[in-house]
Amino acid sequence: MRRYAGLIPLPMTSIQLTLPNGDVREYPQGTTGLQVAESIGKGLAKAAVGIRLGSAEPQSLQLPIDESATIEIITRDTPAGLEILRHSAAHVLADAVKRMRPKAKLWKGPAIDDPRFGYYYDIDLGDEPLTNDDLPELEKLMGEIIAEDHPFVLEELPRSDAKQLMADHGEDYKLATIDKIPEGDPITFYKSGDFVDLCKGPHVPSTGKIGNGIAVLSLAGSYFEGDSSQKMLTRIYGHAFADKKAMAAHRKNLEEAAKRDHRRLGIDLDLFNTMGELGAGLVMWHPKGGFVRHKVEEFWRNEHLKGGYDIVYSPHIARSDLWQTSGHLDFYKEGMFTGLDVDGEEYLLKPMNCPFHILMYKTKRRSYRDLPFRWAELGTVYRYEKAGTLHGLMRVRGFTQDDAHLFLREDQMGEEIERVVGFVLHILASFGFDEFEINLSTRPDKFVGEPAQWDKAEQVLADSLKKLGLEYEIDAGGGAFYGPKIDVKIKDSLGRFWQCSTVQLDFTQPERFDMTYIDSDGEKKRPVMIHRALLGSLERFFGILVEHYGGAFPVWLAPVQGVLLAVGERHAETVERMAAELRERGYRIDADTSADKIGAKIRHHLWQEKVPLVGVVGDQEVEAGTVTVRHRKDGDLGAMSANALADLLDRMSSERR
């Protein structure tokens, strides 16, 4: 058994650790990350929750460092630090549940990248379930465990001892997990006080380091292994932040997010639905939602045509051989629907568009002079998502990907990547998103292609981001199976980050499909391929837009830009005529000539229907030939003519946010 906890005796052998600023410091071999942080400063040591050595995954502060390396001290307020903090909070949550429900059986409790939650734990509660009424008590108990300040102690056990330990604790799901750990891989546990959990870590040095910025938020169901034929477990969601103030701000955001929930607003504003007899994970767009989608697509197509792209279309199904060649059947089969028998051959619904664009490329001989090709498609794809993961528009089984594939020479890679990333940021900013987090996702454990090609592709992406002056984080192992990628997360009006855009550099698919072009020397060469999505999918991006704007779309996207309101019956004719004139000029204007009181009409259209503008027409306005306009955010804009209202709509539409 190997065991690490706190400080250990230091041997005489020295190692050199290079700090992010380039300073090189010498330490005894076996020095812990916490000791390194303390040697730099007390403030850093207090804020530290983990370290990163070189490009490796973060590790616990309390572990010994055996070799010279570059070192990054990870603090609690950084994305990597919050992930460690949240994983540690999940451990404490499991401890608290076991104290409340001793018969509970644990499965897993990861930190997660979700705007609403920071972590969860899946637990079999048997015949002693928890309810929402139990969550405050559970949160209080977590606070007590944190206050007890138990050290997190890492222990590595042989497989037989690990299985015996979990059998002794009655942890059936942990035993199943151990069976899936490959032979030769370490089997590790973290212990805090009397509680022990099968876990790779990393964790903060002690439970006290988690602090008071925690919350237990909600309950849900989750199948073991995500398989609906397995037992349904209880998923307990929670969050953790660097401090109590940040947690309080998040709780406030959650309240606002509940008001903005796209599933509720989708019904309230009659935009879409995902229920009924259609089937799980499939979307029906209602007229208003369909119009907003139309405006998004219209803008997308126009910007692509201006940006040097060609628009293409591809089928929804293809023979299974195509997906074998592309590698999807080897790497993505579980995410694909079962096949269709067509004339004795198996056809599959497409999960991605890229193989079709490759086949288009191969329809004729290509020259180096032709490159690059930039082909874009709003292509509907189908992916089998587990029933428990479906969520409104955010996770569906049929969605339209705003896809593009670029085919180019190697000497064009840097220029095209910079061009694509700039285009990504332009499109996102046009929808009101101008704050981003960017990740460079590198080679995963399971990949195709040569490592040297991966290294080259990763370097091109890194160099392009640096040339554009964009800050980014490394997401080690987060690349697609065929190539590394740049992922862009957008920050919404509630401060939440959503993964939307991805730019992937691929040497592998051209090789698998034997793609070539004739170079200037007359020889055949392989093109390089860029996979690129800007919005991710129209469904998910629409859901994000609804929540970002709270359903109150800007004028250029709003399905109804304004409603003219008649104060009384005698004003109805004027209202109908003015609305018709504005509609003929291309503006989306409705008329409300109902007998409701004018105040009720204003509230209904501005605040319930979230229309950007209303115009009131009474005796005074009829006589003057004007309409008194009120803006949803800016209030009373005064009386204006129909022409002036049209000019206002033009100006507001051009703002695009």
# chains A, B, ... in the order shown; residues from 1 in each chain; ligands from 1
call {"tool": "residues_around", "arguments": {"residues": "Glu83 of chain A", "least_positions_apart": "5", "cutoff": "12 Å", "atoms": "only C-alpha atoms", "output": "MDAnalysis selection string"}}
result
chainID A and resid 49:50 57:60 74:78 88:90 110:114 117:119 201:204 210 239:242
call {"tool": "select_by_dssp", "arguments": {"residues": "segment 127-320 of chain A", "states": "strand (DSSP E)", "output": "NGL selection string"}}
result
:A and (153-157 or 187-192 or 195-198 or 214-223 or 232-240 or 272-273 or 284-285 or 310-311 or 317-319)
call {"tool": "write_last_selection", "arguments": {"atoms": "C-alpha atoms", "output": "mmCIF file, in the first residue's frame"}}
result
data_model
loop_
_atom_site.group_PDB
_atom_site.id
_atom_site.type_symbol
_atom_site.label_atom_id
_atom_site.label_comp_id
_atom_site.auth_asym_id
_atom_site.auth_seq_id
_atom_site.Cartn_x
_atom_site.Cartn_y
_atom_site.Cartn_z
ATOM 1 C CA VAL A 153 -5.231 11.151 2.480
ATOM 2 C CA LEU A 154 -4.429 9.317 -0.776
ATOM 3 C CA GLU A 155 -3.991 5.563 -0.588
ATOM 4 C CA GLU A 156 -3.073 3.222 -3.445
ATOM 5 C CA LEU A 157 -4.090 -0.417 -2.966
ATOM 6 C CA ILE A 187 -6.354 1.887 -7.865
ATOM 7 C CA THR A 188 -6.529 4.837 -5.517
ATOM 8 C CA PHE A 189 -8.715 5.968 -2.631
ATOM 9 C CA TYR A 190 -9.047 9.238 -0.760
ATOM 10 C CA LYS A 191 -9.792 9.120 2.951
ATOM 11 C CA SER A 192 -11.040 11.988 5.121
ATOM 12 C CA PHE A 195 -14.885 8.154 5.243
ATOM 13 C CA VAL A 196 -13.048 6.533 2.330
ATOM 14 C CA ASP A 197 -13.927 6.689 -1.371
ATOM 15 C CA LEU A 198 -12.560 5.111 -4.542
ATOM 16 C CA ILE A 214 -20.989 25.371 -0.922
ATOM 17 C CA ALA A 215 -24.587 24.431 -1.668
ATOM 18 C CA VAL A 216 -26.717 21.332 -2.192
ATOM 19 C CA LEU A 217 -29.144 22.300 -4.930
ATOM 20 C CA SER A 218 -31.401 19.590 -6.315
ATOM 21 C CA LEU A 219 -32.219 15.918 -6.861
ATOM 22 C CA ALA A 220 -32.625 14.014 -10.113
ATOM 23 C CA GLY A 221 -32.605 10.466 -11.400
ATOM 24 C CA SER A 222 -29.728 8.800 -13.220
ATOM 25 C CA TYR A 223 -29.326 5.240 -14.483
ATOM 26 C CA MET A 232 -32.192 4.189 -11.370
ATOM 27 C CA LEU A 233 -29.959 6.004 -8.873
ATOM 28 C CA THR A 234 -30.450 9.354 -7.146
ATOM 29 C CA ARG A 235 -28.286 12.156 -8.519
ATOM 30 C CA ILE A 236 -27.633 14.876 -5.968
ATOM 31 C CA TYR A 237 -26.469 18.152 -7.524
ATOM 32 C CA GLY A 238 -24.432 20.729 -5.683
ATOM 33 C CA HIS A 239 -22.078 23.619 -6.241
ATOM 34 C CA ALA A 240 -18.952 25.055 -4.678
ATOM 35 C CA PHE A 272 -41.237 25.355 -29.585
ATOM 36 C CA ASN A 273 -41.911 22.117 -27.747
ATOM 37 C CA MET A 284 -41.089 20.940 -33.017
ATOM 38 C CA TRP A 285 -40.658 24.608 -33.929
ATOM 39 C CA ASP A 310 -20.037 28.077 -50.443
ATOM 40 C CA ILE A 311 -23.297 26.560 -49.177
ATOM 41 C CA ILE A 317 -28.503 8.768 -44.218
ATOM 42 C CA ALA A 318 -25.667 6.841 -45.827
ATOM 43 C CA ARG A 319 -24.407 3.273 -46.127
#
call {"tool": "residues_around", "arguments": {"residues": "segment 436-450 of chain A", "least_positions_apart": "6", "cutoff": "9 Å", "atoms": "only C-alpha atoms", "output": "VMD selection string"}}
result
chain A and resid 327 331 425 458 461 to 462 470 to 491 497 499 507 to 509 511
call {"tool": "write_last_selection", "arguments": {"atoms": "N, CA and C atoms", "output": "short mmCIF file (atom, residue, chain, number, x, y, z; two decimals), in the first residue's frame"}}
result
data_model
loop_
_atom_site.label_atom_id
_atom_site.label_comp_id
_atom_site.auth_asym_id
_atom_site.auth_seq_id
_atom_site.Cartn_x
_atom_site.Cartn_y
_atom_site.Cartn_z
N GLY A 327 -14.32 6.24 -39.44
CA GLY A 327 -13.91 5.91 -38.07
C GLY A 327 -15.02 6.06 -37.05
N PHE A 331 -15.27 4.66 -33.14
CA PHE A 331 -15.09 5.61 -32.05
C PHE A 331 -16.40 6.22 -31.55
N LEU A 425 -15.62 34.64 -33.72
CA LEU A 425 -15.86 35.70 -32.75
C LEU A 425 -16.78 36.78 -33.32
N GLU A 458 -1.46 20.62 -33.23
CA GLU A 458 -1.61 21.35 -31.96
C GLU A 458 -0.78 22.63 -31.96
N LEU A 461 -2.50 25.38 -34.08
CA LEU A 461 -3.61 26.00 -33.36
C LEU A 461 -3.10 26.96 -32.29
N ALA A 462 -2.08 26.53 -31.56
CA ALA A 462 -1.53 27.39 -30.50
C ALA A 462 -0.93 28.67 -31.09
N LEU A 470 -5.20 36.02 -28.34
CA LEU A 470 -6.27 35.44 -27.53
C LEU A 470 -5.69 34.56 -26.43
N GLU A 471 -6.16 34.76 -25.22
CA GLU A 471 -5.75 33.90 -24.11
C GLU A 471 -6.51 32.58 -24.18
N TYR A 472 -5.85 31.50 -23.77
CA TYR A 472 -6.51 30.20 -23.82
C TYR A 472 -5.94 29.28 -22.74
N GLU A 473 -6.72 28.25 -22.43
CA GLU A 473 -6.30 27.20 -21.50
C GLU A 473 -6.12 25.91 -22.30
N ILE A 474 -5.21 25.06 -21.82
CA ILE A 474 -5.03 23.74 -22.42
C ILE A 474 -6.02 22.77 -21.80
N ASP A 475 -6.79 22.09 -22.64
CA ASP A 475 -7.67 21.01 -22.20
C ASP A 475 -6.99 19.71 -22.63
N ALA A 476 -6.12 19.19 -21.74
CA ALA A 476 -5.31 18.03 -22.07
C ALA A 476 -6.20 16.81 -22.33
N GLY A 477 -6.03 16.21 -23.50
CA GLY A 477 -6.79 15.01 -23.84
C GLY A 477 -8.20 15.27 -24.31
N GLY A 478 -8.57 16.54 -24.52
CA GLY A 478 -9.95 16.87 -24.87
C GLY A 478 -10.25 16.93 -26.35
N GLY A 479 -9.26 16.57 -27.20
CA GLY A 479 -9.47 16.65 -28.63
C GLY A 479 -10.41 15.57 -29.15
N ALA A 480 -10.88 15.75 -30.39
CA ALA A 480 -11.67 14.71 -31.05
C ALA A 480 -10.75 13.56 -31.42
N PHE A 481 -11.31 12.40 -31.77
CA PHE A 481 -10.45 11.25 -32.04
C PHE A 481 -9.59 11.45 -33.28
N TYR A 482 -9.96 12.42 -34.15
CA TYR A 482 -9.23 12.61 -35.39
C TYR A 482 -8.37 13.87 -35.41
N GLY A 483 -8.42 14.69 -34.34
CA GLY A 483 -7.60 15.89 -34.38
C GLY A 483 -7.81 16.82 -33.20
N PRO A 484 -6.84 17.70 -32.92
CA PRO A 484 -6.99 18.68 -31.84
C PRO A 484 -7.95 19.79 -32.25
N LYS A 485 -8.37 20.59 -31.28
CA LYS A 485 -9.38 21.60 -31.60
C LYS A 485 -9.28 22.80 -30.68
N ILE A 486 -9.84 23.90 -31.16
CA ILE A 486 -10.05 25.10 -30.37
C ILE A 486 -11.53 25.15 -30.02
N ASP A 487 -11.85 25.22 -28.73
CA ASP A 487 -13.23 25.32 -28.28
C ASP A 487 -13.47 26.70 -27.69
N VAL A 488 -14.57 27.32 -28.06
CA VAL A 488 -14.91 28.66 -27.59
C VAL A 488 -16.18 28.58 -26.75
N LYS A 489 -16.10 29.06 -25.51
CA LYS A 489 -17.26 29.14 -24.63
C LYS A 489 -17.71 30.59 -24.55
N ILE A 490 -19.02 30.81 -24.66
CA ILE A 490 -19.55 32.17 -24.59
C ILE A 490 -20.12 32.43 -23.20
N LYS A 491 -19.99 33.66 -22.75
CA LYS A 491 -20.53 34.06 -21.45
C LYS A 491 -21.85 34.77 -21.66
N PHE A 497 -21.07 30.20 -18.67
CA PHE A 497 -20.34 29.91 -19.90
C PHE A 497 -20.94 28.69 -20.58
N GLN A 499 -20.42 26.08 -24.01
CA GLN A 499 -19.59 25.63 -25.12
C GLN A 499 -20.42 25.67 -26.41
N PHE A 507 -5.65 15.93 -39.87
CA PHE A 507 -4.83 15.29 -40.89
C PHE A 507 -5.34 13.88 -41.21
N THR A 508 -6.21 13.37 -40.34
CA THR A 508 -6.55 11.94 -40.35
C THR A 508 -7.59 11.58 -41.39
N GLN A 509 -8.71 12.34 -41.45
CA GLN A 509 -9.76 11.99 -42.40
C GLN A 509 -9.27 12.04 -43.85
N GLU A 511 -6.46 11.20 -44.89
CA GLU A 511 -5.71 9.95 -45.06
C GLU A 511 -6.66 8.76 -45.19
#
call {"tool": "closest_residue", "arguments": {"among": "A:Ala167, A:Ile427, A:Ala162, A:Leu648", "to": "Pro186 of chain A", "atoms": "only C-alpha atoms"}}
result
A:Ala162
call {"tool": "residues_around", "arguments": {"residues": "Arg264 of chain A", "least_positions_apart": "6", "cutoff": "12 Å", "atoms": "only C-alpha atoms", "output": "PyMOL selection string"}}
result
chain A and resi 257-258+270-274+392-393+543+546-547+550-551
call {"tool": "write_last_selection", "arguments": {"atoms": "C-alpha atoms", "output": "JSON list (two decimals), in the first residue's frame"}}
result
[["chain", "number", "residue", "atom", "x", "y", "z"],
["A", 257, "ALA", "CA", -32.07, 31.48, -14.47],
["A", 258, "ALA", "CA", -35.29, 29.77, -13.35],
["A", 270, "ASP", "CA", -45.16, 29.71, -27.97],
["A", 271, "LEU", "CA", -41.73, 29.14, -29.53],
["A", 272, "PHE", "CA", -41.24, 25.36, -29.58],
["A", 273, "ASN", "CA", -41.91, 22.12, -27.75],
["A", 274, "THR", "CA", -40.08, 18.84, -27.21],
["A", 392, "GLY", "CA", -35.00, 20.86, -23.50],
["A", 393, "LEU", "CA", -33.10, 22.21, -26.51],
["A", 543, "GLY", "CA", -32.01, 27.73, -26.11],
["A", 546, "VAL", "CA", -33.71, 32.48, -25.07],
["A", 547, "GLU", "CA", -32.04, 32.35, -21.65],
["A", 550, "GLY", "CA", -34.87, 36.07, -21.08],
["A", 551, "GLY", "CA", -37.08, 35.60, -24.15]]
call {"tool": "closest_residue", "arguments": {"among": "A:Asp402, A:Glu183, A:Asp596, A:Glu377", "to": "Glu539 of chain A", "atoms": "only C-alpha atoms"}}
result
A:Asp402
call {"tool": "closest_residue", "arguments": {"among": "A:Glu255, A:Glu581, A:Asp592, A:Asp403", "to": "Val312 of chain A", "atoms": "only C-alpha atoms"}}
result
A:Asp403
call {"tool": "closest_atom_pairs", "arguments": {"of": "segment 307-392 of chain A", "to": "segment 515-525 of chain A", "cutoff": "10 Å", "atoms": "only C-alpha atoms", "output": "CSV"}}
result
residue,atom,partner,partner_atom,distance
A:Ile358,CA,A:Met515,CA,7.9
A:Leu359,CA,A:Met515,CA,9.1
A:Tyr361,CA,A:Met515,CA,8.0
A:Lys362,CA,A:Met515,CA,6.7
A:Lys364,CA,A:Tyr517,CA,9.8
A:Arg365,CA,A:Tyr517,CA,6.8
A:Arg366,CA,A:Tyr517,CA,4.7
A:Ser367,CA,A:Ile518,CA,4.7
A:Tyr368,CA,A:Asp519,CA,5.0
A:Arg369,CA,A:Asp519,CA,8.2
A:Asp370,CA,A:Tyr517,CA,9.0
A:Leu371,CA,A:Tyr517,CA,8.9
call {"tool": "write_last_selection", "arguments": {"atoms": "C-alpha atoms", "output": "CSV table (one decimal), in the first residue's frame"}}
result
chain,number,residue,atom,x,y,z
A,358,ILE,CA,-15.3,14.7,-48.1
A,359,LEU,CA,-17.1,12.7,-50.8
A,361,TYR,CA,-14.3,16.9,-52.6
A,362,LYS,CA,-13.5,13.5,-54.2
A,364,LYS,CA,-13.2,15.4,-59.3
A,365,ARG,CA,-9.5,15.9,-59.5
A,366,ARG,CA,-8.3,18.9,-57.5
A,367,SER,CA,-5.4,21.3,-58.0
A,368,TYR,CA,-3.3,23.2,-55.5
A,369,ARG,CA,-4.7,26.3,-57.2
A,370,ASP,CA,-8.3,25.4,-56.1
A,371,LEU,CA,-7.5,25.4,-52.4
call {"tool": "residues_around", "arguments": {"residues": "Arg395 of chain A", "least_positions_apart": "2", "cutoff": "9 Å", "atoms": "only C-alpha atoms", "output": "list in words"}}
result
Gly281, Glu385, Thr389, Leu390, His391, Gly392, Leu393, Arg397, Glu539 and Arg540 of chain A
call {"tool": "closest_atom_pairs", "arguments": {"of": "segment 395-504 of chain A", "to": "segment 556-564 of chain A", "cutoff": "12 Å", "atoms": "only C-alpha atoms", "output": "JSON lines"}}
result
{"residue": "A:Ser430", "atom": "CA", "partner": "A:Trp556", "partner_atom": "CA", "distance": 10.7}
{"residue": "A:Phe431", "atom": "CA", "partner": "A:Leu557", "partner_atom": "CA", "distance": 9.2}
{"residue": "A:Gly432", "atom": "CA", "partner": "A:Leu557", "partner_atom": "CA", "distance": 11.5}
call {"tool": "residues_around", "arguments": {"residues": "Gly33 of chain A", "least_positions_apart": "5", "cutoff": "10 Å", "atoms": "only C-alpha atoms", "output": "list of chain:residue names"}}
result
A:Glu38, A:Ser39, A:Ala45, A:Ala48, A:Val49, A:Gly50, A:Ile51, A:Arg52, A:Leu53, A:Gln59, A:Ser60, A:Leu61, A:Gln62, A:Leu63, A:Pro64, A:Ile65, A:Ile71, A:Glu72, A:Ile73, A:Ile74
call {"tool": "select_by_dssp", "arguments": {"residues": "segment 168-244 of chain A", "states": "helix (DSSP H, G or I)", "output": "PyMOL selection string"}}
result
chain A and resi 168+172-180+207-210+224-226+244
call {"tool": "residues_around", "arguments": {"residues": "segment 571-574 of chain A", "least_positions_apart": "3", "cutoff": "8 Å", "atoms": "only C-alpha atoms", "output": "list of chain:residue names"}}
result
A:Ala566, A:Val567, A:Gly568, A:Arg577, A:Met578, A:Thr593, A:Val617, A:Gly618, A:Asp619, A:Val622
call {"tool": "write_last_selection", "arguments": {"atoms": "N, CA and C atoms", "output": "PDB file, in the first residue's frame"}}
result
ATOM      1  N   ALA A 566     -54.915  50.050 -29.896  1.00  0.00           N
ATOM      2  CA  ALA A 566     -56.027  51.006 -29.974  1.00  0.00           C
ATOM      3  C   ALA A 566     -56.551  51.268 -28.569  1.00  0.00           C
ATOM      4  N   VAL A 567     -56.631  52.547 -28.186  1.00  0.00           N
ATOM      5  CA  VAL A 567     -57.154  52.895 -26.866  1.00  0.00           C
ATOM      6  C   VAL A 567     -58.633  52.525 -26.782  1.00  0.00           C
ATOM      7  N   GLY A 568     -59.389  52.787 -27.844  1.00  0.00           N
ATOM      8  CA  GLY A 568     -60.814  52.467 -27.879  1.00  0.00           C
ATOM      9  C   GLY A 568     -61.227  51.967 -29.241  1.00  0.00           C
ATOM     10  N   ARG A 577     -54.792  50.283 -40.114  1.00  0.00           N
ATOM     11  CA  ARG A 577     -54.193  50.865 -41.314  1.00  0.00           C
ATOM     12  C   ARG A 577     -52.696  51.099 -41.126  1.00  0.00           C
ATOM     13  N   MET A 578     -52.291  51.680 -39.986  1.00  0.00           N
ATOM     14  CA  MET A 578     -50.873  51.950 -39.737  1.00  0.00           C
ATOM     15  C   MET A 578     -50.066  50.653 -39.669  1.00  0.00           C
ATOM     16  N   THR A 593     -56.658  45.531 -31.273  1.00  0.00           N
ATOM     17  CA  THR A 593     -57.848  46.387 -31.216  1.00  0.00           C
ATOM     18  C   THR A 593     -58.888  45.822 -30.252  1.00  0.00           C
ATOM     19  N   VAL A 617     -52.384  54.364 -29.778  1.00  0.00           N
ATOM     20  CA  VAL A 617     -53.125  55.287 -30.647  1.00  0.00           C
ATOM     21  C   VAL A 617     -54.462  55.616 -29.984  1.00  0.00           C
ATOM     22  N   GLY A 618     -54.612  56.906 -29.610  1.00  0.00           N
ATOM     23  CA  GLY A 618     -55.862  57.410 -29.053  1.00  0.00           C
ATOM     24  C   GLY A 618     -56.342  58.608 -29.849  1.00  0.00           C
ATOM     25  N   ASP A 619     -57.217  59.423 -29.245  1.00  0.00           N
ATOM     26  CA  ASP A 619     -57.773  60.586 -29.961  1.00  0.00           C
ATOM     27  C   ASP A 619     -56.676  61.525 -30.422  1.00  0.00           C
ATOM     28  N   VAL A 622     -54.671  60.052 -33.342  1.00  0.00           N
ATOM     29  CA  VAL A 622     -55.442  60.011 -34.595  1.00  0.00           C
ATOM     30  C   VAL A 622     -55.461  61.392 -35.230  1.00  0.00           C
TER      31      VAL A 622
END
call {"tool": "atom_distance", "arguments": {"atom1": "atom CA of Glu435 of chain A", "atom2": "atom CA of Ser537 of chain A"}}
result
19.4 Å
call {"tool": "decode", "arguments": {"residues": "segment 623-634 of chain A", "atoms": "N, CA and C atoms", "output": "PDB file, in the first residue's frame"}}
result
ATOM      1  N   GLU A 623     -55.678  62.408 -34.407  1.00  0.00           N
ATOM      2  CA  GLU A 623     -55.743  63.781 -34.915  1.00  0.00           C
ATOM      3  C   GLU A 623     -54.406  64.225 -35.486  1.00  0.00           C
ATOM      4  N   ALA A 624     -53.288  63.839 -34.815  1.00  0.00           N
ATOM      5  CA  ALA A 624     -51.961  64.290 -35.249  1.00  0.00           C
ATOM      6  C   ALA A 624     -51.327  63.351 -36.270  1.00  0.00           C
ATOM      7  N   GLY A 625     -51.912  62.191 -36.489  1.00  0.00           N
ATOM      8  CA  GLY A 625     -51.321  61.215 -37.408  1.00  0.00           C
ATOM      9  C   GLY A 625     -50.062  60.593 -36.848  1.00  0.00           C
ATOM     10  N   THR A 626     -50.027  60.394 -35.532  1.00  0.00           N
ATOM     11  CA  THR A 626     -48.832  59.855 -34.876  1.00  0.00           C
ATOM     12  C   THR A 626     -49.195  58.617 -34.058  1.00  0.00           C
ATOM     13  N   VAL A 627     -48.174  58.064 -33.421  1.00  0.00           N
ATOM     14  CA  VAL A 627     -48.335  56.957 -32.483  1.00  0.00           C
ATOM     15  C   VAL A 627     -47.372  57.218 -31.323  1.00  0.00           C
ATOM     16  N   THR A 628     -47.830  57.026 -30.094  1.00  0.00           N
ATOM     17  CA  THR A 628     -46.971  57.216 -28.925  1.00  0.00           C
ATOM     18  C   THR A 628     -46.293  55.892 -28.596  1.00  0.00           C
ATOM     19  N   VAL A 629     -44.965  55.898 -28.660  1.00  0.00           N
ATOM     20  CA  VAL A 629     -44.188  54.651 -28.614  1.00  0.00           C
ATOM     21  C   VAL A 629     -43.577  54.445 -27.228  1.00  0.00           C
ATOM     22  N   ARG A 630     -43.643  53.224 -26.763  1.00  0.00           N
ATOM     23  CA  ARG A 630     -42.990  52.840 -25.510  1.00  0.00           C
ATOM     24  C   ARG A 630     -42.066  51.656 -25.796  1.00  0.00           C
ATOM     25  N   HIS A 631     -40.841  51.764 -25.302  1.00  0.00           N
ATOM     26  CA  HIS A 631     -39.819  50.732 -25.473  1.00  0.00           C
ATOM     27  C   HIS A 631     -39.777  49.857 -24.225  1.00  0.00           C
ATOM     28  N   ARG A 632     -39.533  48.565 -24.435  1.00  0.00           N
ATOM     29  CA  ARG A 632     -39.562  47.626 -23.319  1.00  0.00           C
ATOM     30  C   ARG A 632     -38.549  47.991 -22.237  1.00  0.00           C
ATOM     31  N   LYS A 633     -37.356  48.443 -22.618  1.00  0.00           N
ATOM     32  CA  LYS A 633     -36.332  48.783 -21.631  1.00  0.00           C
ATOM     33  C   LYS A 633     -36.214  50.282 -21.391  1.00  0.00           C
ATOM     34  N   ASP A 634     -36.352  51.082 -22.436  1.00  0.00           N
ATOM     35  CA  ASP A 634     -36.098  52.520 -22.333  1.00  0.00           C
ATOM     36  C   ASP A 634     -37.323  53.340 -21.960  1.00  0.00           C
TER      37      ASP A 634
END
